[in-house]
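J.: Have a look at this one before I ask anything.
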Amino acid sequence: MGDALPRTMMDRDQYLRWEAEQPERHEYLAGEIFAMVGVRREHALVTLALGSLLRQRLKGSPCQAFVADMKLRVDAADAYFYPDVMVTCDPRDRSAETAIAHPCLVIEVLSDSTAAFDRGQKFAAYRRLESLREYLLVDIEARRLELYRREGAHWLLLETRADGSPLLLDSVGVALDPSDAFEDLDPPRLD
């Protein structure tokens, strides 16, 4: 998420009409519009790796993976976001044209400009989705995966590094080897 645009507040319907005419993507949170910032090469590579892996492993299942351009609607937070990757297995999302509303897994690849928002306000909004079972944050700099899993009324944190053991994404029944997320990246810099 980028900076809020210097605009008057919009309601959800105004945002959707306005967003459909824009060449760039914008997220919406309770009346505020935020320009999406461009991503670095590493961010794009990790997003593609995870989206491709999930698409391949979910073939033949009722689940579908989406990368970056499909909106996620969070009615309880009056919000629309563009997650880096999300998966829905809910038949209600099969007829969605521009926005998914019932994901079971959402993945955000962290960047310097979005990390605080992805961990804070965005995660708070995502937690209001009854369908969401897991939220995966990918920290490229630390080569770490942080998986938040809903356990009843609480969220459990599981984490692993690029050279660590696989994480089981219970929400979709996929074991994720952390090295798969980072395989196309240059080795981390040792400063």
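Each chain of the structure tokens is named A, B, ... in the order shown, its residues numbered from 1; ligands are numbered from 1 in display order.
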Any idea what's packed within 6 Å of range 24-32 of chain A, counting only C-alpha atoms, ignoring anything in its chain fewer than 6 positions away? Could you give it as a list in words?

T.: Met9, Met10, Asp11, Asp78, Ala79, Tyr80 and Phe81 of chain A

J.: Take the residues from that selection and write them out as a CSV table (one decimal), in the first residue's frame, keeping N, CA, C and O atoms.

T.:
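Written file, selection_31.csv:
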```
chain,number,residue,atom,x,y,z
A,9,MET,N,-13.0,11.9,0.7
A,9,MET,CA,-13.3,10.5,1.1
A,9,MET,C,-14.3,10.0,0.0
A,9,MET,O,-15.1,10.8,-0.5
A,10,MET,N,-14.2,8.7,-0.2
A,10,MET,CA,-15.2,8.1,-1.2
A,10,MET,C,-15.9,6.9,-0.4
A,10,MET,O,-15.3,6.3,0.5
A,11,ASP,N,-17.1,6.6,-0.8
A,11,ASP,CA,-17.7,5.4,-0.3
A,11,ASP,C,-17.3,4.3,-1.2
A,11,ASP,O,-16.6,4.5,-2.3
A,78,ASP,N,-15.0,-2.6,5.6
A,78,ASP,CA,-15.2,-1.7,4.5
A,78,ASP,C,-13.9,-1.5,3.7
A,78,ASP,O,-13.4,-0.3,3.6
A,79,ALA,N,-13.4,-2.6,3.1
A,79,ALA,CA,-12.1,-2.5,2.5
A,79,ALA,C,-12.1,-3.4,1.2
A,79,ALA,O,-12.8,-4.4,1.1
A,80,TYR,N,-11.2,-2.9,0.3
A,80,TYR,CA,-10.8,-3.7,-0.9
A,80,TYR,C,-9.2,-3.7,-0.9
A,80,TYR,O,-8.6,-2.6,-0.8
A,81,PHE,N,-8.6,-4.8,-1.0
A,81,PHE,CA,-7.2,-4.9,-1.1
A,81,PHE,C,-6.8,-5.8,-2.3
A,81,PHE,O,-7.6,-6.5,-2.9
```

J.: Fewer than 2 positions away in the same chain doesn't count, so skip those; otherwise give me all residues within 12 Å of Pro187 in chain A, counting only C-alpha atoms, as a list of chain:residue names.

T.: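 Everything that qualifies: A:Glu42, A:Ile140, A:Glu141, A:Ala142, A:Arg143, A:Ala162, A:Ser179, A:Phe182, A:Glu183, A:Asp184, A:Leu185, A:Arg189, A:Leu190.
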
J.: Let me see the file: selected residues, N, CA, C and O atoms, as a PDB file, in the first residue's frame.

T.:
```pdb
ATOM      1  N   GLU A  42      12.626  -8.739  -6.894  1.00  0.00           N
ATOM      2  CA  GLU A  42      12.555  -9.859  -5.957  1.00  0.00           C
ATOM      3  C   GLU A  42      11.122 -10.107  -5.491  1.00  0.00           C
ATOM      4  O   GLU A  42      10.695 -11.247  -5.345  1.00  0.00           O
ATOM      5  N   ILE A 140      11.415 -11.059   2.503  1.00  0.00           N
ATOM      6  CA  ILE A 140      12.488 -11.345   1.550  1.00  0.00           C
ATOM      7  C   ILE A 140      13.851 -11.069   2.165  1.00  0.00           C
ATOM      8  O   ILE A 140      14.781 -11.868   2.025  1.00  0.00           O
ATOM      9  N   GLU A 141      13.992  -9.945   2.836  1.00  0.00           N
ATOM     10  CA  GLU A 141      15.289  -9.563   3.398  1.00  0.00           C
ATOM     11  C   GLU A 141      15.798 -10.615   4.386  1.00  0.00           C
ATOM     12  O   GLU A 141      16.969 -10.965   4.370  1.00  0.00           O
ATOM     13  N   ALA A 142      14.930 -11.103   5.253  1.00  0.00           N
ATOM     14  CA  ALA A 142      15.319 -12.089   6.267  1.00  0.00           C
ATOM     15  C   ALA A 142      15.207 -13.525   5.752  1.00  0.00           C
ATOM     16  O   ALA A 142      15.578 -14.449   6.465  1.00  0.00           O
ATOM     17  N   ARG A 143      14.673 -13.676   4.518  1.00  0.00           N
ATOM     18  CA  ARG A 143      14.423 -15.010   3.951  1.00  0.00           C
ATOM     19  C   ARG A 143      13.630 -15.858   4.966  1.00  0.00           C
ATOM     20  O   ARG A 143      13.975 -16.967   5.309  1.00  0.00           O
ATOM     21  N   ALA A 162      14.486 -19.723   5.014  1.00  0.00           N
ATOM     22  CA  ALA A 162      14.645 -20.330   3.688  1.00  0.00           C
ATOM     23  C   ALA A 162      15.269 -21.712   3.761  1.00  0.00           C
ATOM     24  O   ALA A 162      14.966 -22.580   2.953  1.00  0.00           O
ATOM     25  N   SER A 179      12.342 -22.837   0.676  1.00  0.00           N
ATOM     26  CA  SER A 179      13.293 -22.585  -0.415  1.00  0.00           C
ATOM     27  C   SER A 179      12.564 -22.372  -1.733  1.00  0.00           C
ATOM     28  O   SER A 179      13.074 -21.681  -2.619  1.00  0.00           O
ATOM     29  N   PHE A 182      11.957 -18.657  -2.346  1.00  0.00           N
ATOM     30  CA  PHE A 182      13.121 -17.808  -2.569  1.00  0.00           C
ATOM     31  C   PHE A 182      14.073 -18.332  -3.636  1.00  0.00           C
ATOM     32  O   PHE A 182      15.144 -17.765  -3.837  1.00  0.00           O
ATOM     33  N   GLU A 183      13.704 -19.399  -4.349  1.00  0.00           N
ATOM     34  CA  GLU A 183      14.642 -20.090  -5.233  1.00  0.00           C
ATOM     35  C   GLU A 183      15.213 -19.234  -6.364  1.00  0.00           C
ATOM     36  O   GLU A 183      16.344 -19.456  -6.776  1.00  0.00           O
ATOM     37  N   ASP A 184      14.487 -18.273  -6.871  1.00  0.00           N
ATOM     38  CA  ASP A 184      14.976 -17.477  -8.002  1.00  0.00           C
ATOM     39  C   ASP A 184      15.710 -16.207  -7.583  1.00  0.00           C
ATOM     40  O   ASP A 184      16.089 -15.406  -8.428  1.00  0.00           O
ATOM     41  N   LEU A 185      15.915 -16.027  -6.286  1.00  0.00           N
ATOM     42  CA  LEU A 185      16.546 -14.805  -5.793  1.00  0.00           C
ATOM     43  C   LEU A 185      18.062 -14.962  -5.693  1.00  0.00           C
ATOM     44  O   LEU A 185      18.574 -16.054  -5.488  1.00  0.00           O
ATOM     45  N   ARG A 189      22.545 -10.517   0.813  1.00  0.00           N
ATOM     46  CA  ARG A 189      23.795  -9.792   1.059  1.00  0.00           C
ATOM     47  C   ARG A 189      24.192  -9.945   2.521  1.00  0.00           C
ATOM     48  O   ARG A 189      23.347  -9.857   3.412  1.00  0.00           O
ATOM     49  N   LEU A 190      25.442 -10.175   2.740  1.00  0.00           N
ATOM     50  CA  LEU A 190      25.979 -10.242   4.102  1.00  0.00           C
ATOM     51  C   LEU A 190      26.716  -8.949   4.382  1.00  0.00           C
ATOM     52  O   LEU A 190      27.845  -8.761   3.952  1.00  0.00           O
TER      53      LEU A 190
END
```

J.: Taking into account only C-alpha atoms, which residue in the set A:Leu132, A:Val74, A:Val138, A:Met36 is nearest to Val172 in chain A?

T.: A:Leu132

J.: Out of A:Cys89, A:Leu147, A:Leu50, A:Ala77, which residue has the shortest atom-to-atom distance to Cys63 in chain A when counting only C-alpha atoms?

T.: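 Looking at the shortest contact to Cys63 in chain A, the residue is A:Cys89.
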
J.: What lies within 10 Å of Gly38 in chain A using only C-alpha atoms, ignoring chain neighbours under 2 positions off, as a list in words?

T.: Met1, Gly2, Glu24, Arg25, Ala35, Met36, Arg40, Arg41, His43 and Ala44 of chain A

J.: Could you write out that same residue set with N, CA and C atoms as a PDB file, in the first residue's frame?

T.:
```pdb
ATOM      1  N   MET A   1       0.848  -1.155   0.000  1.00  0.00           N
ATOM      2  CA  MET A   1       0.000   0.000   0.000  1.00  0.00           C
ATOM      3  C   MET A   1       0.897   1.222   0.000  1.00  0.00           C
ATOM      4  N   GLY A   2       0.479   2.213  -0.731  1.00  0.00           N
ATOM      5  CA  GLY A   2       1.249   3.455  -0.803  1.00  0.00           C
ATOM      6  C   GLY A   2       0.631   4.524   0.067  1.00  0.00           C
ATOM      7  N   GLU A  24      -3.613   2.583 -12.823  1.00  0.00           N
ATOM      8  CA  GLU A  24      -2.904   1.936 -11.727  1.00  0.00           C
ATOM      9  C   GLU A  24      -3.918   1.397 -10.720  1.00  0.00           C
ATOM     10  N   ARG A  25      -3.454   0.485  -9.875  1.00  0.00           N
ATOM     11  CA  ARG A  25      -4.326  -0.098  -8.853  1.00  0.00           C
ATOM     12  C   ARG A  25      -4.285   0.735  -7.576  1.00  0.00           C
ATOM     13  N   ALA A  35      -2.740   4.499  -3.204  1.00  0.00           N
ATOM     14  CA  ALA A  35      -2.105   4.080  -4.456  1.00  0.00           C
ATOM     15  C   ALA A  35      -1.192   2.893  -4.177  1.00  0.00           C
ATOM     16  N   MET A  36      -1.235   1.908  -5.051  1.00  0.00           N
ATOM     17  CA  MET A  36      -0.330   0.767  -4.938  1.00  0.00           C
ATOM     18  C   MET A  36       1.022   1.186  -5.490  1.00  0.00           C
ATOM     19  N   ARG A  40       9.606  -4.342  -6.418  1.00  0.00           N
ATOM     20  CA  ARG A  40      10.958  -4.690  -6.853  1.00  0.00           C
ATOM     21  C   ARG A  40      10.933  -6.058  -7.535  1.00  0.00           C
ATOM     22  N   ARG A  41      11.985  -6.331  -8.278  1.00  0.00           N
ATOM     23  CA  ARG A  41      12.127  -7.597  -9.003  1.00  0.00           C
ATOM     24  C   ARG A  41      11.969  -8.790  -8.058  1.00  0.00           C
ATOM     25  N   HIS A  43      10.391  -9.037  -5.250  1.00  0.00           N
ATOM     26  CA  HIS A  43       8.995  -9.143  -4.818  1.00  0.00           C
ATOM     27  C   HIS A  43       8.172  -9.857  -5.892  1.00  0.00           C
ATOM     28  N   ALA A  44       8.345  -9.454  -7.140  1.00  0.00           N
ATOM     29  CA  ALA A  44       7.610 -10.069  -8.245  1.00  0.00           C
ATOM     30  C   ALA A  44       7.976 -11.542  -8.409  1.00  0.00           C
TER      31      ALA A  44
END
```

J.: List the neighbours of Tyr82 in chain A out to 7 Å using only C-alpha atoms; skip same-chain residues closer than 4 positions along the sequence, and give me the result as a short mmCIF file (atom, residue, chain, number, x, y, z; two decimals) with C-alpha atoms, in the first residue's frame.

T.:
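Result written to selection_21.cif:
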```cif
data_model
loop_
_atom_site.label_atom_id
_atom_site.label_comp_id
_atom_site.auth_asym_id
_atom_site.auth_seq_id
_atom_site.Cartn_x
_atom_site.Cartn_y
_atom_site.Cartn_z
CA GLU A 27 -6.64 -0.13 -2.32
CA ALA A 68 -1.89 -9.60 -7.42
CA ASP A 69 -4.60 -8.35 -9.82
CA MET A 70 -7.75 -9.78 -8.20
CA LYS A 71 -9.27 -7.67 -5.44
CA LEU A 72 -10.17 -9.03 -2.03
#
```

J.: Could you please write out, as a PyMOL selection string, every residue of range 11-144 of chain A that DSSP assigns to strand (DSSP E)?

T.: chain A and resi 26-29+32-35+64-67+71-74+79-81+85-88+99-100+103-109+134-139+144

J.: State, in Å with one decimal place, the distance from CA of Ala99 in chain A to CA of Arg73 in chain A.

T.: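 The value is 5.8 Å.
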
J.: Tell me, as a PyMOL selection string, which residues lie within 6 Å of Glu146 in chain A, counting only C-alpha atoms; anything in the same chain fewer than 6 positions away does not count.

T.: chain A and resi 136-137+158-159

J.: Can you measure CA of Arg94 in chain A to CA of Ile107 in chain A for me? One decimal in Å is fine.

T.: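 Separating CA of Arg94 in chain A from CA of Ile107 in chain A is a distance of 19.7 Å.
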
J.: DSSP says helix (DSSP H, G or I) for which residues of chain A? Put them as an MDAnalysis selection string?

T.: chainID A and resid 12:20 41:58 75:77 91:95 115:119 121:126 178:182

J.: For Arg119 in chain A, work out the shell of residues within 12 Å, counting only C-alpha atoms and skipping chain neighbours fewer than 3 positions away, then give it as a list of chain:residue names.

T.: A:Met1, A:Ile107, A:Glu108, A:Val109, A:Leu110, A:Ser111, A:Asp112, A:Ser113, A:Thr114, A:Ala115, A:Ala116, A:Lys122, A:Phe123, A:Ala124, A:Ala125, A:Tyr126, A:Arg127, A:Tyr135, A:Leu136, A:Leu137, A:Val138, A:Asp139, A:Glu146, A:Leu147, A:Tyr148

J.: Could you tell me which of A:Ala181, A:Arg161, A:Trp18, A:Asp84 comes closest to Ala65 in chain A if we count only C-alpha atoms?

T.: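 Using only C-alpha atoms, Ala65 in chain A sits closest to A:Asp84.
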
J.: Calculate how many Å separate CA of Phe117 in chain A from CA of Glu134 in chain A, rounding to one decimal.

T.: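 Taking CA of Phe117 in chain A and CA of Glu134 in chain A, their separation equals 17.4 Å.
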